Amino acid sequence: MTRETASVPASGAAAGLRHRAEAAASALPPLLVQARHLAGSVLMGEHGRRRAGTGDDFWQYRPAQAGDSRRMIDHRRSARGDIQFVREREWQISQTVHLWVDTGASMRFASTPKLPQKADRARLLALAASVLMVQGGERVGLTGGTLPPRRGNVQILRLAEALSDDAEQDYAPPNDRALIPHARALFISDFLGPSEPMEQALSKAAARGVRGVLLQVLDPAEEAFPFSGRTVFESIKGGVTHETLKASALQERYLDRLAERRSVLERLCREAGWRFGQHHTGDTAQNALMWLYHALERTAP
C-alpha cells in the first residue's frame with residue numbers, strides 16, 4: 001500500500017471526529033443535556049459542605065446497601081454477625097440527598113403548546129439540582145431504594161434515565177421508602193392529589209431526621225383559572241370529567257381550594273422542618289433552580 005492511499009486528508013479526519021462526537025451526544029438523553037446546560041448557568045459559589053473540621057465524627061453503623069464500596073465496610077463490626085455494616089461519619093450523612101419526582105398523569109399537563117408540561121419542568125429541575133449537588137460532592141439518588149444515592153457522572157446518567165418513566169395513575173403517591181436517617185430530600189410535584197400520602201411521607205421523614213424541600217410545580221392556568229363559558233374539565237387519563245356551562249362561577253371555589261392545599265403543604269413542612277416553594281412553568285427554570293439549590297443548602301445540618 002502506498003503512502004498516499006494510507007493517509008487520511010485532514011478534512012476527512014475532522015469530519016470523522018465530528019461525526020463521532022455528534023453520535024456520542026445523540027446517545028445522551030435530551031433531559032440530561034438540558035439539565036447540564038441549566039446547571040451550568042447557575043453560579044455555584046463555595047459549597048456549603050466543604051467546611052474545615054467536618055468529616056471525622058462517627059455517626060452510626062448501618063447495614064451495607066447497594067452502591068457501597070468494599071472500603072466502606074467496617075470489618076470489626078461486621079464480624080459480630082452475618083450482616084455487613086458500614087461505619088458512617090457525619091459528613092457522609094449530611095451529603096446524601098434523596099429525590100422524589102411525581103410522575104403521575106396530572107403532571108403531564110400544559111395549558112398551551114408554548115409551555116412545558118409540569119412533568120418536564122419537574123424532571124429538568126430535579127436533574128439540574130442533582131448535577132449541582134454531585135459537583136459539590138453530594139451523593140444523590142431516588143427514594144424507594146431503586147437507585148441508591150451515589151456520586152459521579154454515571155449516577156447522573158442513571159438519574160436521567162430513571163426520571164424518564166411515567167406512572168399510570170393520575171396522582172402518584174410519594175415514595176418514602178429507604179430514606180437514610182438524617183439525610184436530605186427533595187420532593188417535586190403539583191401536589192394536587194390526595195394530601196394524606198404526603199402527610200404520611202413527611203411524618204416518616206421527620207421521624208428519621210430527614211430534612212428537605214417540597215417544590216410545587218403548577219401551570220399558570222392552574223394558578224389563575226382563566227376559564228369562562230361552557231368548559232369541559234377532564235383529567236389527563238380521562239377518568240374524571242366535569243362539564244359546566246359557566247366555568248367562571250367555579251373560579252372562586254377553585255382558588256379557595258388551591259389556597260387551602262397550599263396552606264396544608266406549608267403546615268406540613270413547618271412541622272417536619274422542611275422548606276416549601278412554588279414554581280410556575282411560565283417562569284424561568286433558572287430562577288427556580290437557584291432557589292432550590294440554596295433551599296437545599298439551608299436544610300443541611
# chains A, B, ... in the order shown; residues from 1 in each chain; ligands from 1
>>> select_by_dssp(residues="range 51-239 of chain A", states="alpha helix (DSSP H)", output="compact mmCIF listing (two decimals) with C-alpha atoms, in the first residue's frame")
# COMPACT_ATOMS: atom_id res chain seq x y z
CA HIS A 75 -14.99 -5.44 59.21
CA ARG A 76 -14.67 -5.39 63.02
CA ARG A 77 -18.38 -4.54 63.49
CA SER A 78 -19.43 -6.89 60.67
CA GLU A 90 -21.39 12.83 59.97
CA TRP A 91 -20.27 14.33 56.66
CA GLN A 92 -21.41 11.24 54.77
CA ILE A 93 -24.92 11.58 56.19
CA SER A 94 -25.22 15.31 55.51
CA LYS A 118 -45.21 20.17 34.53
CA ALA A 119 -43.51 16.77 34.42
CA ASP A 120 -40.85 18.03 32.01
CA ARG A 121 -40.07 21.05 34.16
CA ALA A 122 -40.03 18.96 37.37
CA ARG A 123 -37.61 16.44 35.87
CA LEU A 124 -35.39 19.18 34.50
CA LEU A 125 -35.16 20.94 37.86
CA ALA A 126 -34.54 17.70 39.75
CA LEU A 127 -31.78 16.59 37.42
CA ALA A 128 -30.13 20.03 37.22
CA ALA A 129 -30.15 20.22 41.02
CA SER A 130 -28.58 16.76 41.08
CA VAL A 131 -25.82 17.92 38.73
CA LEU A 132 -25.04 20.82 41.06
CA MET A 133 -25.08 18.63 44.16
CA VAL A 134 -22.88 15.93 42.63
CA GLN A 135 -20.41 18.60 41.55
CA ASN A 153 -21.38 11.42 36.36
CA VAL A 154 -22.56 7.84 35.87
CA GLN A 155 -25.11 8.39 38.63
CA ILE A 156 -26.39 11.50 36.84
CA LEU A 157 -26.93 9.41 33.71
CA ARG A 158 -28.81 6.78 35.74
CA LEU A 159 -30.99 9.51 37.25
CA ALA A 160 -31.79 10.92 33.80
CA GLU A 161 -32.92 7.50 32.61
CA ALA A 162 -34.93 6.73 35.76
CA GLU A 196 -52.78 12.10 53.12
CA PRO A 197 -49.91 10.24 51.38
CA MET A 198 -47.75 13.37 51.51
CA GLU A 199 -48.60 13.90 55.16
CA GLN A 200 -47.54 10.32 55.93
CA ALA A 201 -44.33 10.68 53.91
CA LEU A 202 -43.25 13.86 55.69
CA SER A 203 -44.13 12.40 59.06
CA LYS A 204 -41.98 9.36 58.32
CA ALA A 205 -39.14 11.53 57.06
CA ALA A 206 -39.25 13.73 60.14
CA ALA A 207 -39.17 10.66 62.39
CA PRO A 220 -50.11 29.27 35.11
CA ALA A 221 -53.68 28.27 34.18
CA GLU A 222 -53.91 26.15 37.32
CA GLU A 223 -52.98 29.20 39.36
CA ALA A 224 -55.26 31.74 37.64
>>> select_by_dssp(residues="range 164-288 of chain A", states="strand (DSSP E or B)", output="list in words")
Arg184, Ala185, Leu186, Phe187, Ile188, Ser189, Arg211, Gly212, Val213, Leu214, Leu215, Gln216, Val217, Leu218, Thr231, Val232, Phe233, Glu234, Thr241, His242, Glu243, Thr244, Arg275, Phe276, Gly277, Gln278, His279 and His280 of chain A
>>> atom_distance(atom1="CA of Phe187 in chain A", atom2="CA of Gly141 in chain A")
12.1 Å
>>> residues_around(residues="Gln216 in chain A", least_positions_apart="4", cutoff="7 Å", atoms="only C-alpha atoms", output="list of chain:residue names")
A:Ile188, A:Ser189, A:Asp190, A:Phe191, A:Gly277, A:Gln278, A:His279
>>> write_last_selection(atoms="N, CA and C atoms", output="PDB file, in the first residue's frame")
ATOM      1  N   ILE A 188     -40.684  16.892  44.366  1.00  0.00           N
ATOM      2  CA  ILE A 188     -41.243  17.833  43.394  1.00  0.00           C
ATOM      3  C   ILE A 188     -42.525  17.247  42.813  1.00  0.00           C
ATOM      4  N   SER A 189     -43.609  18.032  42.846  1.00  0.00           N
ATOM      5  CA  SER A 189     -44.916  17.563  42.384  1.00  0.00           C
ATOM      6  C   SER A 189     -45.825  18.772  42.230  1.00  0.00           C
ATOM      7  N   ASP A 190     -47.014  18.539  41.644  1.00  0.00           N
ATOM      8  CA  ASP A 190     -48.026  19.590  41.695  1.00  0.00           C
ATOM      9  C   ASP A 190     -48.813  19.509  43.004  1.00  0.00           C
ATOM     10  N   PHE A 191     -48.710  18.379  43.695  1.00  0.00           N
ATOM     11  CA  PHE A 191     -49.366  18.172  44.992  1.00  0.00           C
ATOM     12  C   PHE A 191     -50.863  18.464  44.927  1.00  0.00           C
ATOM     13  N   GLY A 277     -41.647  25.590  48.524  1.00  0.00           N
ATOM     14  CA  GLY A 277     -41.521  26.582  47.464  1.00  0.00           C
ATOM     15  C   GLY A 277     -42.482  26.285  46.332  1.00  0.00           C
ATOM     16  N   GLN A 278     -42.671  27.280  45.471  1.00  0.00           N
ATOM     17  CA  GLN A 278     -43.570  27.146  44.329  1.00  0.00           C
ATOM     18  C   GLN A 278     -42.873  27.587  43.060  1.00  0.00           C
ATOM     19  N   HIS A 279     -43.274  26.974  41.955  1.00  0.00           N
ATOM     20  CA  HIS A 279     -42.732  27.358  40.660  1.00  0.00           C
ATOM     21  C   HIS A 279     -43.819  27.191  39.613  1.00  0.00           C
TER      22      HIS A 279
END
>>> atom_distance(atom1="CA of Leu296 in chain A", atom2="CA of Arg275 in chain A")
8.4 Å
>>> residues_around(residues="Gln286 in chain A", least_positions_apart="3", cutoff="8 Å", atoms="only C-alpha atoms", output="list in words")
Leu38, Ser41, Val42, Leu289 and Met290 of chain A
>>> write_last_selection(atoms="N, CA and C atoms", output="short mmCIF file (atom, residue, chain, number, x, y, z; two decimals), in the first residue's frame")
data_model
loop_
_atom_site.label_atom_id
_atom_site.label_comp_id
_atom_site.auth_asym_id
_atom_site.auth_seq_id
_atom_site.Cartn_x
_atom_site.Cartn_y
_atom_site.Cartn_z
N LEU A 38 -28.58 23.91 32.10
CA LEU A 38 -29.22 24.74 33.13
C LEU A 38 -28.33 24.86 34.36
N SER A 41 -25.60 27.33 34.12
CA SER A 41 -25.97 28.74 34.15
C SER A 41 -26.11 29.27 35.57
N VAL A 42 -26.03 28.38 36.55
CA VAL A 42 -26.16 28.79 37.95
C VAL A 42 -24.78 28.87 38.57
N LEU A 289 -34.22 26.88 39.90
CA LEU A 289 -33.06 26.07 40.28
C LEU A 289 -32.20 26.80 41.30
N MET A 290 -32.02 28.09 41.13
CA MET A 290 -31.25 28.86 42.09
C MET A 290 -31.88 28.78 43.47
#
>>> closest_residue(among="A:Ile180, A:Val97, A:Leu192, A:Ile83", to="Arg261 in chain A", atoms="only C-alpha atoms")
A:Leu192
